[in-house]
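**Q** Let me give you the structure first, and then I'll get to my questions.
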Amino acid sequence: MRVTITINGEPVSGDVEPRQLLVHFIRDTAGLTGTHWGCDTSNCGACVVLMDGKPVKSCTTLAAMCEGHEIRTVESLEVDGQLDPVQMGFHELHALHCGFCTPGMLMTTRALLDANPDPTEHEIRTAISGAICRCTGYKNIVAAVRWAAEHEATTRQEA
Ligand code: FES
Ligand code: FES
């Protein structure tokens with residue numbers, strides 16, 4: 001079947017089997033390999049993208065279900081060479097080591113800050129509870145999200 005999915009604002013069309021997963025459509029059809037494919041069982045969170053602004057695990061979302069929806073991947077965060085505050089926070093606070101979990105963490109936390117610009121540590125830990133990091137440790141990740149929240153608040157005040 002033929003589907004057209006809007007990914008990072010651009011329509012991407014492809015022939016898919018009804019069972020094809022969104023993560024494979026993103027990586028293989030759209031050629032956007034920033035979204036990682038880890039466990040394939042909805043456990044690790046490496047594959048998280050935003051669908052209409054809400055985080056979804058693209059390893060358990062069928063591509064055919066996404067027609068008519070807006071998908072946003074990690075590649076959309078940086079705009080014209082300017083990193084998104086969550087990317088800046090992860091860089092500033094050393095919130096990644098191998099980086100495998102990072103695309104999913106970034107998209108999960110982007111959605112969190114869009115919905116809740118001033119999250120507590122508990123709210124951050126709850127938001128990322130569906131994402132597993134095996135090597136950084138969550139302390140720096142939580143600190144990075146707080147850094148991003150504070151940076152965005154400052155930017156809003158200056159605007
Ligand atoms: S690859 Fe999707 S949750 Fe692990
Ligand atoms: S940075 Fe290695 S799994 Fe998170």
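Chain labels follow the order of the structure tokens: the first chain is A, the next B, and so on; residue numbering restarts at 1 in every chain, and ligands are counted from 1 in their shown order.
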Counting only C-alpha atoms, what is within 10 Å of Pro11 (chain A), bar same-chain residues fewer than 2 positions away, as an mmCIF file with N, CA, C and O atoms, in the first residue's frame?
**A**
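Result file follows (part-v2.cif):
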data_model
loop_
_atom_site.group_PDB
_atom_site.id
_atom_site.type_symbol
_atom_site.label_atom_id
_atom_site.label_comp_id
_atom_site.auth_asym_id
_atom_site.auth_seq_id
_atom_site.Cartn_x
_atom_site.Cartn_y
_atom_site.Cartn_z
ATOM 1 N N VAL A 3 1.675 5.015 1.136
ATOM 2 C CA VAL A 3 1.349 5.979 2.188
ATOM 3 C C VAL A 3 2.206 7.236 2.005
ATOM 4 O O VAL A 3 3.307 7.175 1.466
ATOM 5 N N THR A 4 1.654 8.332 2.445
ATOM 6 C CA THR A 4 2.398 9.591 2.484
ATOM 7 C C THR A 4 2.332 10.106 3.918
ATOM 8 O O THR A 4 1.245 10.273 4.479
ATOM 9 N N ILE A 5 3.501 10.299 4.487
ATOM 10 C CA ILE A 5 3.578 10.744 5.884
ATOM 11 C C ILE A 5 4.357 12.062 5.919
ATOM 12 O O ILE A 5 5.391 12.189 5.259
ATOM 13 N N THR A 6 3.852 13.012 6.653
ATOM 14 C CA THR A 6 4.579 14.279 6.809
ATOM 15 C C THR A 6 5.628 14.095 7.900
ATOM 16 O O THR A 6 5.297 13.816 9.054
ATOM 17 N N ILE A 7 6.883 14.214 7.495
ATOM 18 C CA ILE A 7 7.993 14.052 8.441
ATOM 19 C C ILE A 7 8.815 15.339 8.435
ATOM 20 O O ILE A 7 9.323 15.756 7.392
ATOM 21 N N ASN A 8 8.911 15.946 9.581
ATOM 22 C CA ASN A 8 9.636 17.219 9.721
ATOM 23 C C ASN A 8 9.157 18.249 8.691
ATOM 24 O O ASN A 8 9.949 18.979 8.086
ATOM 25 N N GLY A 9 7.849 18.246 8.468
ATOM 26 C CA GLY A 9 7.237 19.243 7.599
ATOM 27 C C GLY A 9 7.226 18.897 6.123
ATOM 28 O O GLY A 9 6.650 19.646 5.329
ATOM 29 N N SER A 13 6.578 9.852 0.637
ATOM 30 C CA SER A 13 5.698 8.783 0.157
ATOM 31 C C SER A 13 6.495 7.507 -0.027
ATOM 32 O O SER A 13 7.689 7.533 -0.350
ATOM 33 N N ALA A 30 12.502 7.468 4.390
ATOM 34 C CA ALA A 30 12.833 8.897 4.483
ATOM 35 C C ALA A 30 14.339 9.125 4.594
ATOM 36 O O ALA A 30 14.803 10.252 4.397
ATOM 37 N N GLU A 67 -0.501 8.205 8.204
ATOM 38 C CA GLU A 67 -0.940 9.108 7.152
ATOM 39 C C GLU A 67 -1.854 10.166 7.773
ATOM 40 O O GLU A 67 -2.728 9.841 8.585
ATOM 41 N N GLY A 68 -1.608 11.400 7.400
ATOM 42 C CA GLY A 68 -2.436 12.473 7.940
ATOM 43 C C GLY A 68 -1.938 13.016 9.270
ATOM 44 O O GLY A 68 -2.547 13.926 9.835
ATOM 45 N N GLU A 70 1.456 14.452 11.687
ATOM 46 C CA GLU A 70 2.746 15.136 11.590
ATOM 47 C C GLU A 70 3.744 14.395 12.456
ATOM 48 O O GLU A 70 3.562 14.305 13.676
ATOM 49 N N ILE A 71 4.788 13.883 11.823
ATOM 50 C CA ILE A 71 5.856 13.206 12.557
ATOM 51 C C ILE A 71 7.047 14.151 12.656
ATOM 52 O O ILE A 71 7.408 14.823 11.682
#
**Q** Could you give me, as a VMD selection string, the residues within 6 Å of region 141-151 of chain A, counting only C-alpha atoms and dropping anything in the same chain fewer than 4 positions from it?
**A** chain A and resid 85 to 86 89 to 90 93 95 117 to 118
**Q** Quick one: write out the picked residues with N, CA, C and O atoms as a compact mmCIF listing (two decimals), in the first residue's frame?
**A**
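Once everything was written out, this is selection_13.txt:
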# COMPACT_ATOMS: atom_id res chain seq x y z
N PRO A 85 17.28 24.03 22.57
CA PRO A 85 17.76 24.08 23.96
C PRO A 85 17.96 22.70 24.59
O PRO A 85 18.87 22.52 25.41
N VAL A 86 17.16 21.70 24.24
CA VAL A 86 17.41 20.37 24.85
C VAL A 86 18.72 19.79 24.34
O VAL A 86 19.47 19.16 25.10
N GLY A 89 21.36 21.64 26.25
CA GLY A 89 21.43 21.16 27.63
C GLY A 89 22.17 19.84 27.73
O GLY A 89 23.01 19.66 28.63
N PHE A 90 21.90 18.92 26.83
CA PHE A 90 22.59 17.62 26.86
C PHE A 90 24.09 17.82 26.61
O PHE A 90 24.92 17.12 27.19
N LEU A 93 25.62 19.69 29.90
CA LEU A 93 25.63 18.89 31.14
C LEU A 93 26.18 17.49 30.93
O LEU A 93 26.06 16.64 31.81
N ALA A 95 25.16 14.95 29.10
CA ALA A 95 24.07 14.02 29.36
C ALA A 95 24.02 12.88 28.35
O ALA A 95 22.95 12.29 28.13
N PRO A 117 6.72 23.74 30.67
CA PRO A 117 8.00 24.45 30.52
C PRO A 117 8.86 24.50 31.79
O PRO A 117 10.04 24.85 31.71
N ASP A 118 8.29 24.14 32.93
CA ASP A 118 9.06 24.25 34.18
C ASP A 118 8.89 22.97 35.01
O ASP A 118 8.39 23.00 36.14
**Q** Write out as a list in words all residues of region 3-118 of chain A that DSSP puts in strand (DSSP E or B) for this structure's backbone.
**A**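 Everything in region 3-118 of chain A that counts as strand (DSSP E or B) is Val3, Thr4, Ile5, Thr6, Ile7, Glu10, Pro11, Val12, Ser13, Gly14, Asp15, Leu21, Val48, Val49, Leu50, Met51, Lys54, Pro55, Val56, Lys57, Leu62, Glu70, Ile71, Arg72, Val79 and Gln82 of chain A.
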**Q** Include N, CA and C atoms and write out the residues we just selected as an mmCIF file, in the first residue's frame.
**A**
data_model
loop_
_atom_site.group_PDB
_atom_site.id
_atom_site.type_symbol
_atom_site.label_atom_id
_atom_site.label_comp_id
_atom_site.auth_asym_id
_atom_site.auth_seq_id
_atom_site.Cartn_x
_atom_site.Cartn_y
_atom_site.Cartn_z
ATOM 1 N N VAL A 3 1.675 5.015 1.136
ATOM 2 C CA VAL A 3 1.349 5.979 2.188
ATOM 3 C C VAL A 3 2.206 7.236 2.005
ATOM 4 N N THR A 4 1.654 8.332 2.445
ATOM 5 C CA THR A 4 2.398 9.591 2.484
ATOM 6 C C THR A 4 2.332 10.106 3.918
ATOM 7 N N ILE A 5 3.501 10.299 4.487
ATOM 8 C CA ILE A 5 3.578 10.744 5.884
ATOM 9 C C ILE A 5 4.357 12.062 5.919
ATOM 10 N N THR A 6 3.852 13.012 6.653
ATOM 11 C CA THR A 6 4.579 14.279 6.809
ATOM 12 C C THR A 6 5.628 14.095 7.900
ATOM 13 N N ILE A 7 6.883 14.214 7.495
ATOM 14 C CA ILE A 7 7.993 14.052 8.441
ATOM 15 C C ILE A 7 8.815 15.339 8.435
ATOM 16 N N GLU A 10 7.856 17.785 5.754
ATOM 17 C CA GLU A 10 7.917 17.415 4.335
ATOM 18 C C GLU A 10 7.133 16.126 4.101
ATOM 19 N N PRO A 11 6.321 16.057 3.031
ATOM 20 C CA PRO A 11 5.637 14.806 2.731
ATOM 21 C C PRO A 11 6.616 13.765 2.194
ATOM 22 N N VAL A 12 6.537 12.566 2.743
ATOM 23 C CA VAL A 12 7.388 11.460 2.283
ATOM 24 C C VAL A 12 6.456 10.313 1.902
ATOM 25 N N SER A 13 6.578 9.852 0.637
ATOM 26 C CA SER A 13 5.698 8.783 0.157
ATOM 27 C C SER A 13 6.495 7.507 -0.027
ATOM 28 N N GLY A 14 5.821 6.381 0.175
ATOM 29 C CA GLY A 14 6.483 5.098 -0.037
ATOM 30 C C GLY A 14 5.471 3.977 -0.059
ATOM 31 N N ASP A 15 5.893 2.857 -0.674
ATOM 32 C CA ASP A 15 5.069 1.644 -0.658
ATOM 33 C C ASP A 15 5.440 0.851 0.582
ATOM 34 N N LEU A 21 6.801 -0.998 10.223
ATOM 35 C CA LEU A 21 6.869 -0.112 11.390
ATOM 36 C C LEU A 21 7.316 1.286 10.980
ATOM 37 N N VAL A 48 11.855 6.899 19.949
ATOM 38 C CA VAL A 48 10.764 7.870 20.156
ATOM 39 C C VAL A 48 10.843 9.021 19.153
ATOM 40 N N VAL A 49 9.709 9.296 18.536
ATOM 41 C CA VAL A 49 9.523 10.481 17.694
ATOM 42 C C VAL A 49 8.239 11.151 18.183
ATOM 43 N N LEU A 50 7.963 12.330 17.665
ATOM 44 C CA LEU A 50 6.715 12.999 18.036
ATOM 45 C C LEU A 50 5.685 12.809 16.936
ATOM 46 N N MET A 51 4.489 12.430 17.332
ATOM 47 C CA MET A 51 3.359 12.379 16.403
ATOM 48 C C MET A 51 2.362 13.423 16.872
ATOM 49 N N LYS A 54 3.149 14.629 20.294
ATOM 50 C CA LYS A 54 3.173 13.689 21.426
ATOM 51 C C LYS A 54 4.203 12.584 21.163
ATOM 52 N N PRO A 55 4.970 12.215 22.183
ATOM 53 C CA PRO A 55 5.960 11.166 21.946
ATOM 54 C C PRO A 55 5.311 9.799 21.690
ATOM 55 N N VAL A 56 5.813 9.108 20.665
ATOM 56 C CA VAL A 56 5.366 7.738 20.384
ATOM 57 C C VAL A 56 6.597 6.890 20.113
ATOM 58 N N LYS A 57 6.472 5.608 20.401
ATOM 59 C CA LYS A 57 7.559 4.674 20.096
ATOM 60 C C LYS A 57 7.359 4.186 18.670
ATOM 61 N N LEU A 62 2.616 1.513 13.463
ATOM 62 C CA LEU A 62 2.626 1.108 12.056
ATOM 63 C C LEU A 62 2.697 2.350 11.162
ATOM 64 N N GLU A 70 1.456 14.452 11.687
ATOM 65 C CA GLU A 70 2.746 15.136 11.590
ATOM 66 C C GLU A 70 3.744 14.395 12.456
ATOM 67 N N ILE A 71 4.788 13.883 11.823
ATOM 68 C CA ILE A 71 5.856 13.206 12.557
ATOM 69 C C ILE A 71 7.047 14.151 12.656
ATOM 70 N N ARG A 72 7.626 14.180 13.833
ATOM 71 C CA ARG A 72 8.818 15.012 14.017
ATOM 72 C C ARG A 72 9.949 14.136 14.563
ATOM 73 N N VAL A 79 17.871 23.953 13.845
ATOM 74 C CA VAL A 79 17.331 24.757 12.742
ATOM 75 C C VAL A 79 18.366 25.806 12.338
ATOM 76 N N GLN A 82 21.283 26.259 14.513
ATOM 77 C CA GLN A 82 20.999 26.606 15.913
ATOM 78 C C GLN A 82 20.421 25.377 16.612
#
**Q** Extract the full set of alpha helix (DSSP H) residues from chain A according to DSSP on the backbone, and format it as a ChimeraX atom specification.
**A** /A:22-24,85-92,102-115,121-127,138-158
**Q** Around ligand 2, at most 7 Å away and counting only C-alpha atoms and all ligand atoms, which residues are there? Put them as a list in words, please.
**A**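 What falls inside 7 Å of ligand 2 is Leu96, His97, Cys98, Gly99, Phe100, Cys101, Thr102, Ile132, Cys133, Arg134, Cys135 and Thr136 of chain A.
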**Q** Taking only C-alpha atoms and all ligand atoms into account, list the residues no farther than 6 Å from ligand 1, as a compact mmCIF listing (two decimals) with C-alpha atoms, in the first residue's frame.
**A**
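Result file is part07.txt:
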# COMPACT_ATOMS: atom_id res chain seq x y z
CA TRP A 37 16.01 1.17 16.65
CA GLY A 38 16.94 -0.64 19.85
CA CYS A 39 14.76 -3.26 21.45
CA ASP A 40 11.81 -3.53 19.05
CA THR A 41 9.63 -4.39 22.05
CA SER A 42 8.60 -0.91 23.21
CA ASN A 43 10.97 -0.99 26.17
CA CYS A 44 14.03 1.15 25.45
CA GLY A 45 12.65 4.43 24.03
CA ALA A 46 15.51 4.92 21.54
CA CYS A 47 12.95 5.09 18.71
CA LYS A 57 7.56 4.67 20.10
CA SER A 58 8.08 4.29 16.38
CA CYS A 59 9.00 0.61 16.80
**Q** Quick check, in Å to one decimal: how far apart do CA of Leu22 (chain A) and CA of His69 (chain A) lie?
**A**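 Computed distance, CA of Leu22 (chain A) to CA of His69 (chain A), equals 11.9 Å.
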**Q** Could you check which of A:Gly34, A:Gly137, A:Met65, A:Glu121 is closest to Glu17 (chain A), using only C-alpha atoms?
**A**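 Result for the nearest residue to Glu17 (chain A): A:Met65.
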**Q** Have a look at CA of Leu77 (chain A) and CA of Ile124 (chain A) and let me know their distance in Å, one decimal.
**A**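 Pair CA of Leu77 (chain A) / CA of Ile124 (chain A) returns 19.1 Å.
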**Q** Tell me, as a ChimeraX atom specification, which residues lie within 8 Å of Leu106 (chain A), counting only C-alpha atoms; anything in the same chain fewer than 3 positions away does not count.
**A** /A:74,86-87,102-103,109-110
